[in-house]
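What follows is a single structure, written as structure tokens, with notes after it.
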Amino acid sequence: MKPPVFKYCAARSVDEAVHVLTEHGDDVTILAGGQSLVPMLNMRMARPEVVLDINHVGEIAGVHANGRLSIGALTRQRVVEHSDVVAHHAPLLRDGVRHIGHPAIRARGTIGGSAAHADPASEIPAVLVALDASIILTGPNGDREVRAADFFVSVFTTAREPDEVLTRIDVPPASPTSRSAFLEVSRRHGDYALVGVGAQIDEDGDGRITSARIAITNVADVPFRARQAEDFLIGQQLGDPAVRLAAADAAAAALSPSGDQHASTEYRIDVSRTLVRRVLERIHGGAQ
Ligand SMILES: Cc1cc2nc3c(=O)[nH]c(=O)nc-3n(C[C@H](O)[C@H](O)[C@H](O)COP(=O)(O)OP(=O)(O)OC[C@H]3O[C@@H](n4cnc5c(N)ncnc54)[C@H](O)[C@@H]3O)c2cc1C
């Protein structure tokens, strides 16, 4: 299918992008990697008057670590996946990004585009919520920081105002001893997952869990943080299979996902339980 007619603009700086957004308001849609927007245009699910291309705004691409990990919104998912800095400071983000589509999708798709698109089936939003990341939005009045948990409002809906560009994502650094894993179930390799689970665990010298972060995709309108399972795990030892099982049960008990043509409510809950248990097993076993 062909997209509807639209006016094309290319910004070369954040200021220029904000200027176009301020001028056109709701009638403009930002184009980053195009991996979600272009199919939506072609299927005429999006009909913007203006498409604002931000691919030449170099100032918002790249990975930096200075106390916290800062990732420019235009950083390609493939760069995030292969960045040593990301692997060191946010291994769970690297683990999640690896599961997105295929290499060609990740070569174009951006971290900011995935966050702004806010698909609850996506890996990046879930990881950002689990890691308490901050989303930086730049508008006519400057920068504003929104916690990931507040940024994702509903399916395909975020706290971004129409005159704001998502410019950066800041992630608090993981401790050097953190261990993480991300697993998912999809119908075919590269498909969006029916359910995905990511977790990051810290332990003290005696092997007792001091911090647990668990996020589940595609079981609610926004990425789901399995707080009950996290709370249960504090002070426990991951080496105990009964602990892993009880954490998985606690995560599953908190879920009430909708069923659809791809998976029933019961199936999504069952798969979530199994994936939480397997993710914890994998972290305990040290496999990546
Ligand atoms: C075959 C296929 C398989 C895929 N599989 C997966 C998968 O398994 N998991 C997954 O998570 N994703 C998957 N994707 C989607 C992919 O991850 C996209 O890259 C991502 O959803 C959007 O990123 P993008 O940079 O391409 O954004 P675009 O498609 O350019 O934009 C998406 C939306 O975000 C807005 N936007 C983009 N950047 C900004 C910004 N900086 N500020 C404000 N708004 C912005 C756009 O206006 C648009 O509304 C798949 C895509 C395809 C085509």
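A note on labels: chains of the structure tokens are A, B, ... as shown, every chain counts residues from 1, and ligands are counted from 1 in their shown order.
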
Report task. Taking only C-alpha atoms and all ligand atoms into account, report as a PyMOL selection string which residues have an atom no farther than 6 Å from an atom of ligand 1. Result -> chain A and resi 29-37+73+100-101+105+109-110+112-114+116-117+122-123+165-167+190-192

Prev. selection, N, CA and C atoms, output as a PDB file, in the first residue's frame:
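File produced: again.pdb:
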ATOM      1  N   THR A  29       3.989  14.482  12.505  1.00  0.00           N
ATOM      2  CA  THR A  29       4.472  13.240  13.113  1.00  0.00           C
ATOM      3  C   THR A  29       5.971  13.133  12.860  1.00  0.00           C
ATOM      4  N   ILE A  30       6.682  12.775  13.914  1.00  0.00           N
ATOM      5  CA  ILE A  30       8.138  12.648  13.808  1.00  0.00           C
ATOM      6  C   ILE A  30       8.494  11.312  13.157  1.00  0.00           C
ATOM      7  N   LEU A  31       9.480  11.362  12.247  1.00  0.00           N
ATOM      8  CA  LEU A  31      10.019  10.139  11.637  1.00  0.00           C
ATOM      9  C   LEU A  31      11.421   9.909  12.185  1.00  0.00           C
ATOM     10  N   ALA A  32      11.607   8.763  12.877  1.00  0.00           N
ATOM     11  CA  ALA A  32      12.960   8.390  13.340  1.00  0.00           C
ATOM     12  C   ALA A  32      13.407   7.211  12.467  1.00  0.00           C
ATOM     13  N   GLY A  33      13.411   5.992  13.000  1.00  0.00           N
ATOM     14  CA  GLY A  33      13.842   4.845  12.191  1.00  0.00           C
ATOM     15  C   GLY A  33      12.801   4.408  11.171  1.00  0.00           C
ATOM     16  N   GLY A  34      11.564   4.826  11.364  1.00  0.00           N
ATOM     17  CA  GLY A  34      10.494   4.509  10.412  1.00  0.00           C
ATOM     18  C   GLY A  34       9.984   3.075  10.496  1.00  0.00           C
ATOM     19  N   GLN A  35      10.491   2.277  11.433  1.00  0.00           N
ATOM     20  CA  GLN A  35      10.139   0.851  11.456  1.00  0.00           C
ATOM     21  C   GLN A  35       8.727   0.596  11.973  1.00  0.00           C
ATOM     22  N   SER A  36       8.154   1.561  12.675  1.00  0.00           N
ATOM     23  CA  SER A  36       6.743   1.471  13.054  1.00  0.00           C
ATOM     24  C   SER A  36       5.930   2.493  12.261  1.00  0.00           C
ATOM     25  N   LEU A  37       6.488   3.690  12.082  1.00  0.00           N
ATOM     26  CA  LEU A  37       5.715   4.749  11.424  1.00  0.00           C
ATOM     27  C   LEU A  37       5.438   4.442   9.953  1.00  0.00           C
ATOM     28  N   ALA A  73      18.109   9.816  21.804  1.00  0.00           N
ATOM     29  CA  ALA A  73      16.890   9.171  21.296  1.00  0.00           C
ATOM     30  C   ALA A  73      17.092   8.561  19.923  1.00  0.00           C
ATOM     31  N   ILE A 100      14.503  -7.652  19.635  1.00  0.00           N
ATOM     32  CA  ILE A 100      13.631  -6.860  18.753  1.00  0.00           C
ATOM     33  C   ILE A 100      13.773  -7.343  17.310  1.00  0.00           C
ATOM     34  N   GLY A 101      12.671  -7.759  16.726  1.00  0.00           N
ATOM     35  CA  GLY A 101      12.600  -8.085  15.291  1.00  0.00           C
ATOM     36  C   GLY A 101      13.825  -8.820  14.771  1.00  0.00           C
ATOM     37  N   ILE A 105      15.839  -4.566  11.162  1.00  0.00           N
ATOM     38  CA  ILE A 105      14.911  -3.675  11.885  1.00  0.00           C
ATOM     39  C   ILE A 105      15.708  -2.868  12.907  1.00  0.00           C
ATOM     40  N   GLY A 109      15.738   1.044  13.438  1.00  0.00           N
ATOM     41  CA  GLY A 109      14.903   1.434  14.581  1.00  0.00           C
ATOM     42  C   GLY A 109      15.736   2.107  15.662  1.00  0.00           C
ATOM     43  N   THR A 110      15.159   3.085  16.318  1.00  0.00           N
ATOM     44  CA  THR A 110      15.887   3.847  17.344  1.00  0.00           C
ATOM     45  C   THR A 110      15.315   3.551  18.728  1.00  0.00           C
ATOM     46  N   GLY A 112      14.691   5.839  20.962  1.00  0.00           N
ATOM     47  CA  GLY A 112      13.664   6.854  21.235  1.00  0.00           C
ATOM     48  C   GLY A 112      12.365   6.555  20.500  1.00  0.00           C
ATOM     49  N   GLY A 113      12.481   6.021  19.280  1.00  0.00           N
ATOM     50  CA  GLY A 113      11.285   5.682  18.502  1.00  0.00           C
ATOM     51  C   GLY A 113      10.494   4.584  19.182  1.00  0.00           C
ATOM     52  N   SER A 114      11.201   3.600  19.721  1.00  0.00           N
ATOM     53  CA  SER A 114      10.507   2.511  20.400  1.00  0.00           C
ATOM     54  C   SER A 114       9.813   3.029  21.658  1.00  0.00           C
ATOM     55  N   ALA A 116       8.837   6.186  22.235  1.00  0.00           N
ATOM     56  CA  ALA A 116       7.748   7.105  21.861  1.00  0.00           C
ATOM     57  C   ALA A 116       6.550   6.347  21.295  1.00  0.00           C
ATOM     58  N   HIS A 117       6.811   5.231  20.630  1.00  0.00           N
ATOM     59  CA  HIS A 117       5.726   4.444  20.035  1.00  0.00           C
ATOM     60  C   HIS A 117       4.873   3.767  21.118  1.00  0.00           C
ATOM     61  N   SER A 122       6.499  -4.198  23.300  1.00  0.00           N
ATOM     62  CA  SER A 122       7.906  -3.922  22.985  1.00  0.00           C
ATOM     63  C   SER A 122       8.823  -4.144  24.171  1.00  0.00           C
ATOM     64  N   GLU A 123      10.052  -4.499  23.836  1.00  0.00           N
ATOM     65  CA  GLU A 123      11.048  -4.807  24.867  1.00  0.00           C
ATOM     66  C   GLU A 123      11.577  -3.540  25.540  1.00  0.00           C
ATOM     67  N   VAL A 165      10.009  16.863  21.513  1.00  0.00           N
ATOM     68  CA  VAL A 165      10.779  15.768  20.910  1.00  0.00           C
ATOM     69  C   VAL A 165      11.378  14.955  22.053  1.00  0.00           C
ATOM     70  N   LEU A 166      11.322  13.654  21.927  1.00  0.00           N
ATOM     71  CA  LEU A 166      12.045  12.813  22.904  1.00  0.00           C
ATOM     72  C   LEU A 166      13.517  12.890  22.481  1.00  0.00           C
ATOM     73  N   THR A 167      14.353  13.442  23.346  1.00  0.00           N
ATOM     74  CA  THR A 167      15.741  13.673  22.936  1.00  0.00           C
ATOM     75  C   THR A 167      16.737  12.709  23.581  1.00  0.00           C
ATOM     76  N   GLY A 190      11.651 -13.454  15.538  1.00  0.00           N
ATOM     77  CA  GLY A 190      11.597 -12.087  15.009  1.00  0.00           C
ATOM     78  C   GLY A 190      10.235 -11.433  15.157  1.00  0.00           C
ATOM     79  N   ASP A 191       9.201 -12.225  15.445  1.00  0.00           N
ATOM     80  CA  ASP A 191       7.873 -11.624  15.677  1.00  0.00           C
ATOM     81  C   ASP A 191       7.875 -10.875  17.006  1.00  0.00           C
ATOM     82  N   TYR A 192       6.925  -9.956  17.154  1.00  0.00           N
ATOM     83  CA  TYR A 192       6.683  -9.397  18.483  1.00  0.00           C
ATOM     84  C   TYR A 192       6.362 -10.562  19.420  1.00  0.00           C
TER      85      TYR A 192
END

**Report entry** Residues of region 26-115 of chain A in alpha helix (DSSP H), written as number ranges by chain
**Finding:** A: 37-42, 77-82, 84-89, 91-97, 103-108, 111-115

Take the selection from the previous step and output its residues with N, CA and C atoms, as an mmCIF file, in the first residue's frame.
data_model
loop_
_atom_site.group_PDB
_atom_site.id
_atom_site.type_symbol
_atom_site.label_atom_id
_atom_site.label_comp_id
_atom_site.auth_asym_id
_atom_site.auth_seq_id
_atom_site.Cartn_x
_atom_site.Cartn_y
_atom_site.Cartn_z
ATOM 1 N N LEU A 37 6.488 3.690 12.082
ATOM 2 C CA LEU A 37 5.715 4.749 11.424
ATOM 3 C C LEU A 37 5.438 4.442 9.953
ATOM 4 N N VAL A 38 6.443 3.951 9.220
ATOM 5 C CA VAL A 38 6.234 3.739 7.780
ATOM 6 C C VAL A 38 5.145 2.685 7.517
ATOM 7 N N PRO A 39 5.165 1.529 8.223
ATOM 8 C CA PRO A 39 4.032 0.612 8.035
ATOM 9 C C PRO A 39 2.687 1.257 8.390
ATOM 10 N N MET A 40 2.689 2.106 9.451
ATOM 11 C CA MET A 40 1.419 2.757 9.836
ATOM 12 C C MET A 40 0.959 3.740 8.757
ATOM 13 N N LEU A 41 1.916 4.428 8.118
ATOM 14 C CA LEU A 41 1.554 5.327 7.007
ATOM 15 C C LEU A 41 1.030 4.512 5.829
ATOM 16 N N ASN A 42 1.750 3.433 5.524
ATOM 17 C CA ASN A 42 1.360 2.628 4.361
ATOM 18 C C ASN A 42 -0.021 1.989 4.558
ATOM 19 N N GLN A 77 18.895 0.939 17.530
ATOM 20 C CA GLN A 77 18.806 -0.211 18.453
ATOM 21 C C GLN A 77 20.029 -1.123 18.298
ATOM 22 N N ARG A 78 20.561 -1.226 17.097
ATOM 23 C CA ARG A 78 21.734 -2.070 16.847
ATOM 24 C C ARG A 78 22.962 -1.517 17.588
ATOM 25 N N VAL A 79 23.050 -0.198 17.677
ATOM 26 C CA VAL A 79 24.169 0.421 18.407
ATOM 27 C C VAL A 79 24.028 0.120 19.897
ATOM 28 N N VAL A 80 22.808 0.226 20.404
ATOM 29 C CA VAL A 80 22.556 -0.089 21.826
ATOM 30 C C VAL A 80 22.932 -1.537 22.099
ATOM 31 N N GLU A 81 22.516 -2.416 21.192
ATOM 32 C CA GLU A 81 22.762 -3.863 21.356
ATOM 33 C C GLU A 81 24.266 -4.173 21.436
ATOM 34 N N HIS A 82 25.073 -3.464 20.670
ATOM 35 C CA HIS A 82 26.502 -3.804 20.585
ATOM 36 C C HIS A 82 27.398 -2.872 21.390
ATOM 37 N N ASP A 84 29.521 -1.542 24.310
ATOM 38 C CA ASP A 84 30.140 -2.050 25.541
ATOM 39 C C ASP A 84 29.690 -1.224 26.743
ATOM 40 N N VAL A 85 29.469 0.064 26.511
ATOM 41 C CA VAL A 85 29.042 0.949 27.606
ATOM 42 C C VAL A 85 27.654 0.523 28.104
ATOM 43 N N VAL A 86 26.754 0.227 27.183
ATOM 44 C CA VAL A 86 25.414 -0.240 27.584
ATOM 45 C C VAL A 86 25.528 -1.601 28.282
ATOM 46 N N ALA A 87 26.348 -2.490 27.726
ATOM 47 C CA ALA A 87 26.496 -3.830 28.330
ATOM 48 C C ALA A 87 26.993 -3.719 29.766
ATOM 49 N N HIS A 88 27.867 -2.721 30.012
ATOM 50 C CA HIS A 88 28.437 -2.557 31.348
ATOM 51 C C HIS A 88 27.434 -1.909 32.312
ATOM 52 N N HIS A 89 26.783 -0.827 31.847
ATOM 53 C CA HIS A 89 25.920 -0.043 32.754
ATOM 54 C C HIS A 89 24.460 -0.503 32.779
ATOM 55 N N PRO A 91 23.017 -3.941 31.471
ATOM 56 C CA PRO A 91 23.002 -5.218 30.721
ATOM 57 C C PRO A 91 21.584 -5.663 30.353
ATOM 58 N N LEU A 92 20.599 -5.309 31.189
ATOM 59 C CA LEU A 92 19.219 -5.724 30.887
ATOM 60 C C LEU A 92 18.705 -5.055 29.602
ATOM 61 N N LEU A 93 19.149 -3.807 29.366
ATOM 62 C CA LEU A 93 18.733 -3.113 28.140
ATOM 63 C C LEU A 93 19.305 -3.839 26.922
ATOM 64 N N ARG A 94 20.593 -4.192 27.008
ATOM 65 C CA ARG A 94 21.213 -4.961 25.912
ATOM 66 C C ARG A 94 20.452 -6.280 25.697
ATOM 67 N N ASP A 95 20.133 -6.958 26.804
ATOM 68 C CA ASP A 95 19.447 -8.257 26.702
ATOM 69 C C ASP A 95 18.084 -8.115 26.022
ATOM 70 N N GLY A 96 17.357 -7.042 26.363
ATOM 71 C CA GLY A 96 16.026 -6.837 25.786
ATOM 72 C C GLY A 96 16.101 -6.466 24.320
ATOM 73 N N VAL A 97 17.009 -5.554 23.973
ATOM 74 C CA VAL A 97 17.098 -5.060 22.586
ATOM 75 C C VAL A 97 17.426 -6.193 21.618
ATOM 76 N N PRO A 103 17.911 -8.191 12.640
ATOM 77 C CA PRO A 103 19.000 -7.193 12.583
ATOM 78 C C PRO A 103 18.673 -5.983 11.702
ATOM 79 N N ALA A 104 18.000 -6.211 10.578
ATOM 80 C CA ALA A 104 17.698 -5.077 9.679
ATOM 81 C C ALA A 104 16.762 -4.065 10.359
ATOM 82 N N ILE A 105 15.839 -4.566 11.162
ATOM 83 C CA ILE A 105 14.911 -3.675 11.885
ATOM 84 C C ILE A 105 15.708 -2.868 12.907
ATOM 85 N N ARG A 106 16.613 -3.566 13.620
ATOM 86 C CA ARG A 106 17.374 -2.889 14.681
ATOM 87 C C ARG A 106 18.399 -1.915 14.096
ATOM 88 N N ALA A 107 18.808 -2.147 12.856
ATOM 89 C CA ALA A 107 19.772 -1.239 12.222
ATOM 90 C C ALA A 107 19.140 0.122 11.944
ATOM 91 N N ARG A 108 17.833 0.178 11.753
ATOM 92 C CA ARG A 108 17.139 1.450 11.485
ATOM 93 C C ARG A 108 16.398 1.956 12.732
ATOM 94 N N ILE A 111 16.127 3.820 19.738
ATOM 95 C CA ILE A 111 15.643 3.607 21.109
ATOM 96 C C ILE A 111 14.528 4.595 21.427
ATOM 97 N N GLY A 112 14.691 5.839 20.962
ATOM 98 C CA GLY A 112 13.664 6.854 21.235
ATOM 99 C C GLY A 112 12.365 6.555 20.500
ATOM 100 N N GLY A 113 12.481 6.021 19.280
ATOM 101 C CA GLY A 113 11.285 5.682 18.502
ATOM 102 C C GLY A 113 10.494 4.584 19.182
ATOM 103 N N SER A 114 11.201 3.600 19.721
ATOM 104 C CA SER A 114 10.507 2.511 20.400
ATOM 105 C C SER A 114 9.813 3.029 21.658
ATOM 106 N N ALA A 115 10.501 3.899 22.396
ATOM 107 C CA ALA A 115 9.874 4.456 23.609
ATOM 108 C C ALA A 115 8.665 5.326 23.233
#

Query raised in the report: Got a sec: who's within 12 Å of Glu23 (chain A), counting only C-alpha atoms, leaving out chain neighbours fewer than 3 positions off, as a PyMOL selection string?
Result: chain A and resi 16-20+26-28+50+52+139-140+162-164

For the residues selected in the previous step, produce a file with N, CA and C atoms as a JSON list (two decimals), in the first residue's frame.
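To be explicit, this is the file written out as again_16.json:
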[["chain", "number", "residue", "atom", "x", "y", "z"],
["A", 16, "GLU", "N", 15.31, 23.25, 15.58],
["A", 16, "GLU", "CA", 14.53, 23.29, 14.33],
["A", 16, "GLU", "C", 13.33, 22.35, 14.45],
["A", 17, "ALA", "N", 13.56, 21.16, 15.01],
["A", 17, "ALA", "CA", 12.47, 20.18, 15.16],
["A", 17, "ALA", "C", 11.37, 20.75, 16.05],
["A", 18, "VAL", "N", 11.78, 21.36, 17.17],
["A", 18, "VAL", "CA", 10.78, 21.92, 18.10],
["A", 18, "VAL", "C", 10.01, 23.05, 17.42],
["A", 19, "HIS", "N", 10.71, 23.83, 16.59],
["A", 19, "HIS", "CA", 10.05, 24.92, 15.88],
["A", 19, "HIS", "C", 8.94, 24.37, 14.97],
["A", 20, "VAL", "N", 9.26, 23.31, 14.23],
["A", 20, "VAL", "CA", 8.25, 22.72, 13.32],
["A", 20, "VAL", "C", 7.09, 22.15, 14.13],
["A", 26, "ASP", "N", -0.57, 19.09, 16.45],
["A", 26, "ASP", "CA", -1.01, 17.70, 16.27],
["A", 26, "ASP", "C", -0.90, 17.20, 14.83],
["A", 27, "ASP", "N", -0.69, 18.11, 13.87],
["A", 27, "ASP", "CA", -0.68, 17.68, 12.46],
["A", 27, "ASP", "C", 0.65, 17.12, 12.01],
["A", 28, "VAL", "N", 1.66, 17.16, 12.90],
["A", 28, "VAL", "CA", 2.98, 16.69, 12.50],
["A", 28, "VAL", "C", 3.34, 15.40, 13.23],
["A", 50, "VAL", "N", 2.11, 16.61, 8.11],
["A", 50, "VAL", "CA", 3.55, 16.85, 7.97],
["A", 50, "VAL", "C", 4.31, 15.69, 8.61],
["A", 52, "LEU", "N", 7.99, 14.93, 10.00],
["A", 52, "LEU", "CA", 9.22, 15.64, 10.39],
["A", 52, "LEU", "C", 10.34, 14.62, 10.60],
["A", 139, "GLY", "N", 11.01, 20.68, 24.52],
["A", 139, "GLY", "CA", 9.96, 21.46, 23.87],
["A", 139, "GLY", "C", 10.33, 22.93, 23.85],
["A", 140, "PRO", "N", 9.38, 23.79, 23.53],
["A", 140, "PRO", "CA", 9.67, 25.23, 23.42],
["A", 140, "PRO", "C", 10.18, 25.83, 24.74],
["A", 162, "PRO", "N", 2.50, 17.33, 22.15],
["A", 162, "PRO", "CA", 2.72, 17.37, 20.69],
["A", 162, "PRO", "C", 3.89, 18.26, 20.26],
["A", 163, "ASP", "N", 4.27, 19.25, 21.12],
["A", 163, "ASP", "CA", 5.38, 20.13, 20.70],
["A", 163, "ASP", "C", 6.72, 19.68, 21.30],
["A", 164, "GLU", "N", 6.79, 18.45, 21.77],
["A", 164, "GLU", "CA", 8.04, 17.96, 22.37],
["A", 164, "GLU", "C", 8.68, 16.84, 21.53]]

Requested in this report: Fewer than 2 positions away in the same chain doesn't count, so skip those; otherwise give me all residues within 6 Å of region 211-214 of chain A, counting only C-alpha atoms, as an MDAnalysis selection string.
Outcome: chainID A and resid 130 198:202 209 225:226 230

Produce a file of the selected residues containing C-alpha atoms, as a CSV table (one decimal), in the first residue's frame.
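So the final result, stored in result16.csv, reads:
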chain,number,residue,atom,x,y,z
A,130,ALA,CA,12.2,-1.9,35.2
A,198,GLY,CA,13.3,-9.3,31.7
A,199,ALA,CA,14.9,-9.3,35.1
A,200,GLN,CA,18.0,-7.8,36.8
A,201,ILE,CA,19.2,-9.1,40.2
A,202,ASP,CA,21.8,-7.9,42.7
A,209,ILE,CA,19.1,-10.7,46.9
A,225,ARG,CA,6.6,-4.2,36.6
A,226,ALA,CA,6.2,-7.4,38.8
A,230,GLU,CA,10.4,-8.3,43.3

Query raised in the report: Just asking: which residues within region 79-274 of chain A are strand (DSSP E) according to DSSP, as a PyMOL selection string?
Result: chain A and resi 134-139+142-147+152-154+157-158+165-171+179-185+195-203+209-217+224-225

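Every protein, DNA or RNA residue with an atom at most 8 Å from His56 (chain A), where only C-alpha atoms count and chain neighbours fewer than 2 positions away do not, is listed here: Ala10, Ala11, Arg12, Ser13, Asp53, Ile54 and Gly58 of chain A.
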
Generate a file of the selected residues that holds C-alpha atoms, formatted as a JSON list (two decimals), in the first residue's frame.
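Result went into part_36.json, see below:
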[["chain", "number", "residue", "atom", "x", "y", "z"],
["A", 10, "ALA", "CA", 13.87, 17.45, 7.68],
["A", 11, "ALA", "CA", 15.24, 19.06, 10.84],
["A", 12, "ARG", "CA", 19.00, 19.47, 11.39],
["A", 13, "SER", "CA", 18.81, 20.40, 15.07],
["A", 53, "ASP", "CA", 12.39, 13.65, 9.72],
["A", 54, "ILE", "CA", 14.85, 13.85, 12.64],
["A", 58, "GLY", "CA", 23.12, 14.20, 15.09]]

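Distance check against Ile269 (chain A) using only C-alpha atoms: of A:Asp249, A:Glu145, A:Glu161, A:Glu281, the minimum falls on A:Asp249.
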
Requested in this report: Please indicate the distance in Å from CA of Leu275 (chain A) to CA of Glu184 (chain A), rounded to one decimal place.
Outcome: 7.0 Å

Query raised in the report: So how far away is CA of Arg273 (chain A) from CA of Pro176 (chain A), in Å?
Result: 27.8 Å
